[in-house]
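First the structure, in the form of C-alpha cells, and then the observations on it.
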Amino acid sequence: MNFKYLTGCCLILFSTFFSQAQIDSSKTDTIIAERIVPTFSSSLDALEDENGESQDVSGLLQSSRDVFNSVAGFNFSAARYRIRGYDSENYITTMNGVTLNNAETDRAIWALWGGLNDVTRNQEIKNGISASPYVFGGIGGSSNINARPTAIRKGTNISYGLANRTYQHRLMFTHSTGMMSNGWAIAVSGSGRYSDEGYVDGTFFRGGSYFISIEKKLNEKHSLGFVSFGSPTVQGRNSINTDEIHTLTDDNFYNSYWGYQDGEKRNSRVRNTHQPYFMLNHYFDVNKKTQITSSIFTTTGRSGNTRINWDEANDPRPEYWRNLPSAFSNPGDEVAFANQTALWQSLNPTTTQLNWDQFYFANSKNLFTVDNVDGKGTSITENRAKYMVEEQRSDVTEYGANTAINHKLNEKMTLSGGARLSIYKSENFKVVNDLLGADFWLDINQFPVQGNSNPDVLQSDLDQPNKIAREGDRFGDVGYDYDININTVNAFAQLEGTTAKIDYFIGGSISHTSFWRTGNVKNGLFPENSLGDSDKENFLNFGVKGGAVYKLTGRHLFTVNGAYLTRAPQAQNAFISPITRNEIVDNLKSEKVYSGDINYIVRYPKVKIRATAFYTKVQDETWKRNFYHDELRSFVNFIMTDVDKLYTGFEFGAEVNLTSTLTATATLAGGDYTYDSRPLATIAQDNSAKVLEKDKLIYLENFKLAETPQMVGSIGLRYRSSKYWFVGADFNYFNKIYVQVNPDRRSENVVANLVDTDPQINQILDQTELSDDYLINMYAGKSWKIKKYFIRININVNNVLDNKDFRTGGFEQLRYDKTDIDKFPPMVGYSLGRTYFAMLAFSF
C-alpha cells in the first residue's frame, strides 16, 4: 500500500481516537511552552474553568489559542497553506484598533513590522466569522496587536538568533518600563537581521526594525498613547522556474536572478522597502461600562524592486525560453539542442547566470547621439545603455482616523461599534538604479505599435521628448508614472449577548470606497488618456454577520456563524493598463461574499477538540494578469470579470495531555476550493487601444484554486519536563496540490476546436496535480532562572529529513503555443530542505 496514502488514513483514525478519548477533568491544563520561530506567530493561552459543567457557563473565548490554527501557522507554512483556502484579504489585522491592511491589495503586509516579535506577539485573535470590538472583520477572522507599553512585559529582553533560511543572524533588544509612578509608560524594541547569502544561492538579507510606544496616563479616565514602528529591509530575491531548468542544473532551488561581477555574486532582483507607521491613540474610560478608543494615523514610505532592463539587445535572462535547450527541439536542431544542453549541464555561469561583465562591456562600446534632448534643442553624444538596472517603485502614503466604542448595556449584553476614514495614495514609477557603466538611458517606448508611423508613439513623455535619464532619475518607459488614489469611509456596529445556554452576536457594516488613477506623464501612445485623473469609481458596500454558541454543557459547545457582505473591487485590478492609460475595466462591480460555518468544541483541562465544517462563496471578482507576448512585442493584460470561487471543507484539531508532561496534537483539514463560474475575459495590449478579444467565455468552472494544498494533516508529540526543558516533533502531510491554470487554454475558442478523440485534449485542458508529500519538524528548548535573570535556549529544525523534492505549487504560463503545449511548461516551486533556527535569550 502507498505509504503516503496510509499516512493520510492514519491521521483520520488518530483524530477519531482523540474525539472519543475519556476525559479526566480533575486537574488543570499544563502550560505549553511557546515555540520561538523566526517568523511571527503568537496566540493567547486558553482559560480553563474548573466548574465548567454548571449550566450557566462561560461562552467560547474567541481569542483563546486555537489548536488547529496554531498547528497550521507553524507546520503548514512550508507548503504555502492557507486556512480554508482564503486569500489574506479575508483576514483583518489591526494595531491598537488601527487597520494595517493595505488599501490597494486589502492584505496585511507582515514584513512591514518584521523583526519585532517581542512587541507584536500580544494579540487578541478572532478566528473566522466572529465578534470583534475593533473592526467588522473578514470571513477569515481578525487580530488586534495590543502595542500599548503597559501590555508589553515589563523588563528587558535581549536575544540572538542563528538560522540558515532567509537570514542567518538576528539580534533583538526590547525594554518596557511598565506604568511608572509618574504616569508614563515606555516600551522600545529594535532588531537587526542579516545574511550574506541565504538558503538559496545569490540571495541576501539586510534588515533593521524599530518600535517605540509611549503612553501617558492623564487621569483615571484619559490616557494618550503614541506608537511608531518600521522595518527597513533590503533583500536579494530568488526565481521560480520550470522543471526543465531544475533538471538541467540538478538544483530545485536554482536562482536565475544573480551573476558574477568581478568575481562577486550580484543579484538583479533586490527588494528595498521601508514604510514606517505613526499613530496617536486616545483611551477614554467614560465609566465602568463604556470605553472609547480613538486614533489618528499615517504611514509613508518606499517599496522598490530592481530588475534588468535592456533595449536594442538580446534578452539577457538565462531562464528566457529562447536560451534553453527546449527552444531547439524542432527537427534539424539536434546539434544546437545537444550543445545548449551541454552548456547548461556544465553549470558554466556565463550560460546559467547573468553576465554582469558583459553588460558593462556592451554599454562601454555604444556611443549614441541624441538630438533635441528633453525637447530643448540640444544634442549629446555619449554611451547609451543597452542594459541597465531599473527600480520599480510603489511608494505609499496613507493617513486617516478611526474610533471604536464598547458599551456594556447590562450584565448580559454589550454593544460596540466604530468608524474609520482612510485617504491612500500609491505613487508608481521607475527609477534608473544603475547604468552599468553607460552614461544615459534613452527614455522612449521600447514596444511601439508595429506599423504605426507616428513618431510621437515613441515618446514616454510628450512634454519631455527624447528624455535622457541618468542614475537616480525618474523615467517613464511607456508612461510608467502614475498614482492610485483610494478614499475609504466605513462604520460598523455589533451586539453581543449571553444567556444560560446560548451566547450570540449580530453585527453590520457599511462602507464607501472611491478610487481613481492619476497619470503624471502624457505618453505618446495615449496622449488624450494618460495624463491627469481618470473617472472616479465609487462603491457603496455593506455587510451583516451573526453567530451563536449553544452550550450543551460547560465542556461541550456547538457554534454556528454566518455572514453576507459586499466589497469594492481591488483598485489594482480595475484598470486595463494602469501603466499607460486611464481606461477602466468594463463590467466592474462589487464582490459578493456568502460564508458560514458550524463547529463542535470540546474543552476539558486535558483535552481540547474543535471540529468545523465551512462553506464560502465569492462572486463577481475581477481577475487580472500581465505578461509579455512575443509575437505582438508588447505586454498584454488578461482580465476576467464575473469570477466566482467556492470554498467548502472541514477542519479538525485536537490536543490531549497524555500525562502531566506529554502532550499530543492532531489536526486534519480537507477542502474543495474551486472556480465556480464561467467568467468573461478581455485581452488588451499595453501599447495599443485595440482590444484583442472581448467577452471571451472561459470554461473555468470546477477547476481547482491552486493557492494552497487542499488537504493537510499533522500529528505531534511534545514532552515538557519539570526541569524546564521541552522537546517535540510533528509529522505533517500534504495532499491535493494543484498548479494554477492558464484561463486562456480553457477558453471558448480553444475548446470549440477540440473533439473527444483529439490526442491533445487532455494535455490542453487537464489541470496538473502535484504529488502528495510529508515533512517532519522538531523543536527543543531549555530555560534557567538565576536570581532575577532568565535564560532561554530554543531550536527549531524544519524538514528534518532534508526532503528537497516536495513541490509546493506552481502556475501555468499565460503565454502558450496551441500546437506545442510543452513549449511553455509550468513554473514550479519547491519547499526548502532542512532548515533551522536557534535562539539564545536573556531577560530580566
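Residues in the C-alpha cells are numbered from 1 in each chain, the chains being A, B, ... in the order shown, and ligands are numbered from 1 in the order shown.
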* Using backbone DSSP assignments, extract all strand (DSSP E or B) residues from stretch 204-436 of chain A; output them as a ChimeraX atom specification. => /A:204-217,222-230,233-236,241-242,258-261,264-267,270-274,277-285,290-300,302-310,354-355,367-370,380-384,387-408,413-434
* Asked: Which of these residues is nearest to A:Asn146, using only C-alpha atoms: A:Val227, A:Ala362, A:Ile186, A:Leu801?
  ->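 Comparing A:Val227, A:Ala362, A:Ile186, A:Leu801 against A:Asn146, the winner is A:Val227.
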* So, counting only C-alpha atoms, which residue among A:Tyr594, A:Phe68, A:Phe475, A:Trp516 is closest to A:Glu390? ->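 Smallest distance to A:Glu390 is found for A:Phe475.
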A:Asn219 surroundings by only C-alpha atoms, 10 Å radius, close-in-sequence under 4 positions cut, as a PDB file with C-alpha atoms, in the first residue's frame:
ATOM      1  CA  GLY A 183       2.008  58.128  34.931  1.00  0.00           C
ATOM      2  CA  SER A 223      -4.662  58.234  28.540  1.00  0.00           C
ATOM      3  CA  PHE A 284     -11.140  57.207  27.256  1.00  0.00           C
ATOM      4  CA  ASP A 285     -12.748  55.219  30.076  1.00  0.00           C
TER       5      ASP A 285
END
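Nearest to A:Glu769 of all the residues A:Val636, A:Ile214, A:Ala706, A:Ile468 is A:Ala706, counting only C-alpha atoms.
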Can you pull out every residue within 7 Å of stretch 307-315 of chain A, counting only C-alpha atoms, but drop anything in the same chain fewer than 4 positions away, and send it as an mmCIF file with all heavy atoms, in the first residue's frame?
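So the final result, stored in out33.cif, reads:
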data_model
loop_
_atom_site.group_PDB
_atom_site.id
_atom_site.type_symbol
_atom_site.label_atom_id
_atom_site.label_comp_id
_atom_site.auth_asym_id
_atom_site.auth_seq_id
_atom_site.Cartn_x
_atom_site.Cartn_y
_atom_site.Cartn_z
ATOM 1 N N SER A 268 20.163 40.683 -9.317
ATOM 2 C CA SER A 268 19.497 41.737 -10.088
ATOM 3 C C SER A 268 18.133 42.100 -9.529
ATOM 4 O O SER A 268 17.602 43.175 -9.830
ATOM 5 C CB SER A 268 19.329 41.284 -11.541
ATOM 6 O OG SER A 268 18.458 40.165 -11.623
ATOM 7 N N ARG A 269 17.545 41.200 -8.733
ATOM 8 C CA ARG A 269 16.199 41.435 -8.191
ATOM 9 C C ARG A 269 16.320 41.714 -6.694
ATOM 10 O O ARG A 269 16.367 40.792 -5.890
ATOM 11 C CB ARG A 269 15.304 40.218 -8.430
ATOM 12 C CG ARG A 269 15.071 39.879 -9.901
ATOM 13 C CD ARG A 269 14.148 40.878 -10.563
ATOM 14 N NE ARG A 269 13.780 40.449 -11.895
ATOM 15 C CZ ARG A 269 12.638 39.838 -12.211
ATOM 16 N NH1 ARG A 269 11.761 39.556 -11.257
ATOM 17 N NH2 ARG A 269 12.378 39.493 -13.452
ATOM 18 N N LYS A 386 22.631 49.870 -23.229
ATOM 19 C CA LYS A 386 21.878 48.744 -23.767
ATOM 20 C C LYS A 386 21.240 47.950 -22.621
ATOM 21 O O LYS A 386 20.155 47.390 -22.773
ATOM 22 C CB LYS A 386 22.788 47.826 -24.579
ATOM 23 C CG LYS A 386 23.232 48.387 -25.923
ATOM 24 C CD LYS A 386 23.966 47.312 -26.718
ATOM 25 C CE LYS A 386 24.262 47.786 -28.128
ATOM 26 N NZ LYS A 386 24.900 46.715 -28.942
ATOM 27 N N TYR A 387 21.956 47.908 -21.517
ATOM 28 C CA TYR A 387 21.487 47.217 -20.322
ATOM 29 C C TYR A 387 21.560 48.166 -19.137
ATOM 30 O O TYR A 387 22.477 48.986 -19.035
ATOM 31 C CB TYR A 387 22.336 45.975 -20.023
ATOM 32 C CG TYR A 387 22.406 44.978 -21.138
ATOM 33 C CD1 TYR A 387 23.477 44.972 -22.029
ATOM 34 C CD2 TYR A 387 21.402 44.027 -21.297
ATOM 35 C CE1 TYR A 387 23.545 44.046 -23.054
ATOM 36 C CE2 TYR A 387 21.462 43.091 -22.318
ATOM 37 C CZ TYR A 387 22.542 43.105 -23.203
ATOM 38 O OH TYR A 387 22.599 42.187 -24.209
ATOM 39 N N MET A 388 20.618 48.061 -18.258
ATOM 40 C CA MET A 388 20.677 48.839 -17.016
ATOM 41 C C MET A 388 19.811 48.155 -15.973
ATOM 42 O O MET A 388 18.999 47.276 -16.269
ATOM 43 C CB MET A 388 20.254 50.289 -17.240
ATOM 44 C CG MET A 388 18.813 50.475 -17.608
ATOM 45 S SD MET A 388 17.785 50.975 -16.209
ATOM 46 C CE MET A 388 16.445 51.834 -17.048
ATOM 47 N N VAL A 389 19.980 48.578 -14.716
ATOM 48 C CA VAL A 389 19.146 48.090 -13.625
ATOM 49 C C VAL A 389 18.140 49.178 -13.287
ATOM 50 O O VAL A 389 18.528 50.306 -12.966
ATOM 51 C CB VAL A 389 19.981 47.730 -12.381
ATOM 52 C CG1 VAL A 389 19.070 47.263 -11.247
ATOM 53 C CG2 VAL A 389 21.014 46.662 -12.715
ATOM 54 N N GLU A 390 16.870 48.845 -13.405
ATOM 55 C CA GLU A 390 15.817 49.783 -13.036
ATOM 56 C C GLU A 390 15.215 49.367 -11.701
ATOM 57 O O GLU A 390 15.315 48.206 -11.291
ATOM 58 C CB GLU A 390 14.721 49.808 -14.101
ATOM 59 C CG GLU A 390 13.931 48.516 -14.178
ATOM 60 C CD GLU A 390 12.800 48.567 -15.200
ATOM 61 O OE1 GLU A 390 12.878 49.383 -16.133
ATOM 62 O OE2 GLU A 390 11.847 47.771 -15.061
ATOM 63 N N GLU A 391 14.600 50.313 -11.030
ATOM 64 C CA GLU A 391 13.872 50.023 -9.808
ATOM 65 C C GLU A 391 12.428 50.436 -10.003
ATOM 66 O O GLU A 391 12.132 51.607 -10.260
ATOM 67 C CB GLU A 391 14.464 50.765 -8.603
ATOM 68 C CG GLU A 391 13.762 50.396 -7.295
ATOM 69 C CD GLU A 391 14.360 51.092 -6.086
ATOM 70 O OE1 GLU A 391 14.812 52.246 -6.226
ATOM 71 O OE2 GLU A 391 14.363 50.485 -4.997
ATOM 72 N N GLN A 446 9.900 51.242 -25.769
ATOM 73 C CA GLN A 446 10.607 50.091 -26.310
ATOM 74 C C GLN A 446 9.695 49.179 -27.117
ATOM 75 O O GLN A 446 10.173 48.322 -27.856
ATOM 76 C CB GLN A 446 11.222 49.269 -25.172
ATOM 77 C CG GLN A 446 12.268 50.005 -24.372
ATOM 78 C CD GLN A 446 12.714 49.163 -23.190
ATOM 79 O OE1 GLN A 446 12.345 49.418 -22.053
ATOM 80 N NE2 GLN A 446 13.506 48.140 -23.452
#
* Polymer residues at most 8 Å from A:Asn96, only C-alpha atoms, same-chain spacing of 2 or more positions, as a PyMOL selection string -> chain A and resi 94+98+144-148+281
* So how far away is atom CA of A:Val478 from atom CA of A:Phe447, in Å? ->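 A separation of 7.9 Å between them.
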* **Between atom CA of A:Lys430 and atom CA of A:Asp477, distance in Å (one decimal)** => 7.8 Å
* Figure out the distance between atom CA of A:Asn626 and atom CA of A:Leu565, please, to one decimal in Å. =>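 Separation of atom CA of A:Leu565 and atom CA of A:Asn626: 29.0 Å.
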* What's the 10 Å shell around A:Thr298, counting only C-alpha atoms, without same-chain residues fewer than 5 positions away, as number ranges by chain? -> A: 228, 276-280, 397-401, 422-424
Pull N, CA, C and O atoms from the residues just selected and write them as a JSON list (two decimals), in the first residue's frame.
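Done, and the output landed in again.json:
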[["chain", "number", "residue", "atom", "x", "y", "z"],
["A", 228, "SER", "N", 5.13, 54.19, 17.07],
["A", 228, "SER", "CA", 5.79, 54.27, 15.77],
["A", 228, "SER", "C", 6.63, 53.02, 15.58],
["A", 228, "SER", "O", 7.26, 52.53, 16.52],
["A", 276, "PRO", "N", 7.38, 53.28, 7.43],
["A", 276, "PRO", "CA", 7.11, 53.48, 8.86],
["A", 276, "PRO", "C", 5.67, 53.90, 9.12],
["A", 276, "PRO", "O", 5.02, 54.56, 8.30],
["A", 277, "TYR", "N", 5.17, 53.49, 10.28],
["A", 277, "TYR", "CA", 3.83, 53.85, 10.74],
["A", 277, "TYR", "C", 3.95, 54.78, 11.94],
["A", 277, "TYR", "O", 4.88, 54.66, 12.76],
["A", 278, "PHE", "N", 2.97, 55.68, 12.06],
["A", 278, "PHE", "CA", 2.86, 56.56, 13.22],
["A", 278, "PHE", "C", 1.38, 56.63, 13.62],
["A", 278, "PHE", "O", 0.52, 56.81, 12.76],
["A", 279, "MET", "N", 1.12, 56.46, 14.89],
["A", 279, "MET", "CA", -0.26, 56.57, 15.34],
["A", 279, "MET", "C", -0.33, 57.21, 16.72],
["A", 279, "MET", "O", 0.53, 56.98, 17.57],
["A", 280, "LEU", "N", -1.34, 58.04, 16.89],
["A", 280, "LEU", "CA", -1.62, 58.69, 18.16],
["A", 280, "LEU", "C", -2.96, 58.18, 18.65],
["A", 280, "LEU", "O", -3.98, 58.27, 17.94],
["A", 397, "THR", "N", 1.52, 56.51, 0.64],
["A", 397, "THR", "CA", 1.20, 57.49, 1.68],
["A", 397, "THR", "C", -0.26, 57.27, 2.07],
["A", 397, "THR", "O", -1.14, 57.21, 1.22],
["A", 398, "GLU", "N", -0.50, 57.15, 3.36],
["A", 398, "GLU", "CA", -1.87, 56.97, 3.85],
["A", 398, "GLU", "C", -2.01, 57.70, 5.18],
["A", 398, "GLU", "O", -1.09, 57.69, 6.00],
["A", 399, "TYR", "N", -3.13, 58.32, 5.38],
["A", 399, "TYR", "CA", -3.44, 58.91, 6.67],
["A", 399, "TYR", "C", -4.94, 58.81, 6.91],
["A", 399, "TYR", "O", -5.73, 58.64, 5.98],
["A", 400, "GLY", "N", -5.29, 58.86, 8.18],
["A", 400, "GLY", "CA", -6.70, 58.71, 8.50],
["A", 400, "GLY", "C", -6.96, 58.73, 9.98],
["A", 400, "GLY", "O", -6.08, 59.08, 10.79],
["A", 401, "ALA", "N", -8.16, 58.35, 10.34],
["A", 401, "ALA", "CA", -8.58, 58.35, 11.74],
["A", 401, "ALA", "C", -9.61, 57.26, 11.94],
["A", 401, "ALA", "O", -10.31, 56.85, 11.01],
["A", 422, "SER", "N", -9.99, 56.68, 5.73],
["A", 422, "SER", "CA", -8.65, 56.46, 5.20],
["A", 422, "SER", "C", -8.49, 57.17, 3.87],
["A", 422, "SER", "O", -9.37, 57.09, 3.00],
["A", 423, "ILE", "N", -7.38, 57.90, 3.71],
["A", 423, "ILE", "CA", -7.01, 58.55, 2.45],
["A", 423, "ILE", "C", -5.67, 57.98, 2.03],
["A", 423, "ILE", "O", -4.66, 58.14, 2.73],
["A", 424, "TYR", "N", -5.64, 57.31, 0.89],
["A", 424, "TYR", "CA", -4.48, 56.49, 0.49],
["A", 424, "TYR", "C", -4.04, 56.88, -0.93],
["A", 424, "TYR", "O", -4.86, 57.14, -1.81]]
* Asked: If you count only C-alpha atoms, which residues fall within 7 Å of A:Trp113, apart from same-chain ones fewer than 4 positions away, as a PyMOL selection string?
  -> chain A and resi 229-231
* Asked: Pick from A:Ile506, A:Ile92, A:Leu435, A:Leu343: nearest to A:Gln494, with only C-alpha atoms counted?
  ->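 Of all the options, A:Ile506 lies closest to A:Gln494.
Minimum atom-to-atom distances from A:Arg384, A:Lys551, A:Arg633, A:Arg746 to A:Phe359 were compared using only C-alpha atoms, and the lowest value belongs to A:Arg384.
The residue that comes closest to A:Asp456, out of A:Gly263, A:Pro527, A:Asp483, A:Thr819 and on the basis of only C-alpha atoms, is A:Pro527.
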* To do: Mind listing the alpha helix (DSSP H) residues of stretch 190-364 of chain A, per DSSP on the backbone, as a ChimeraX atom specification?
  => /A:243-249,334-345,349-352,356-364
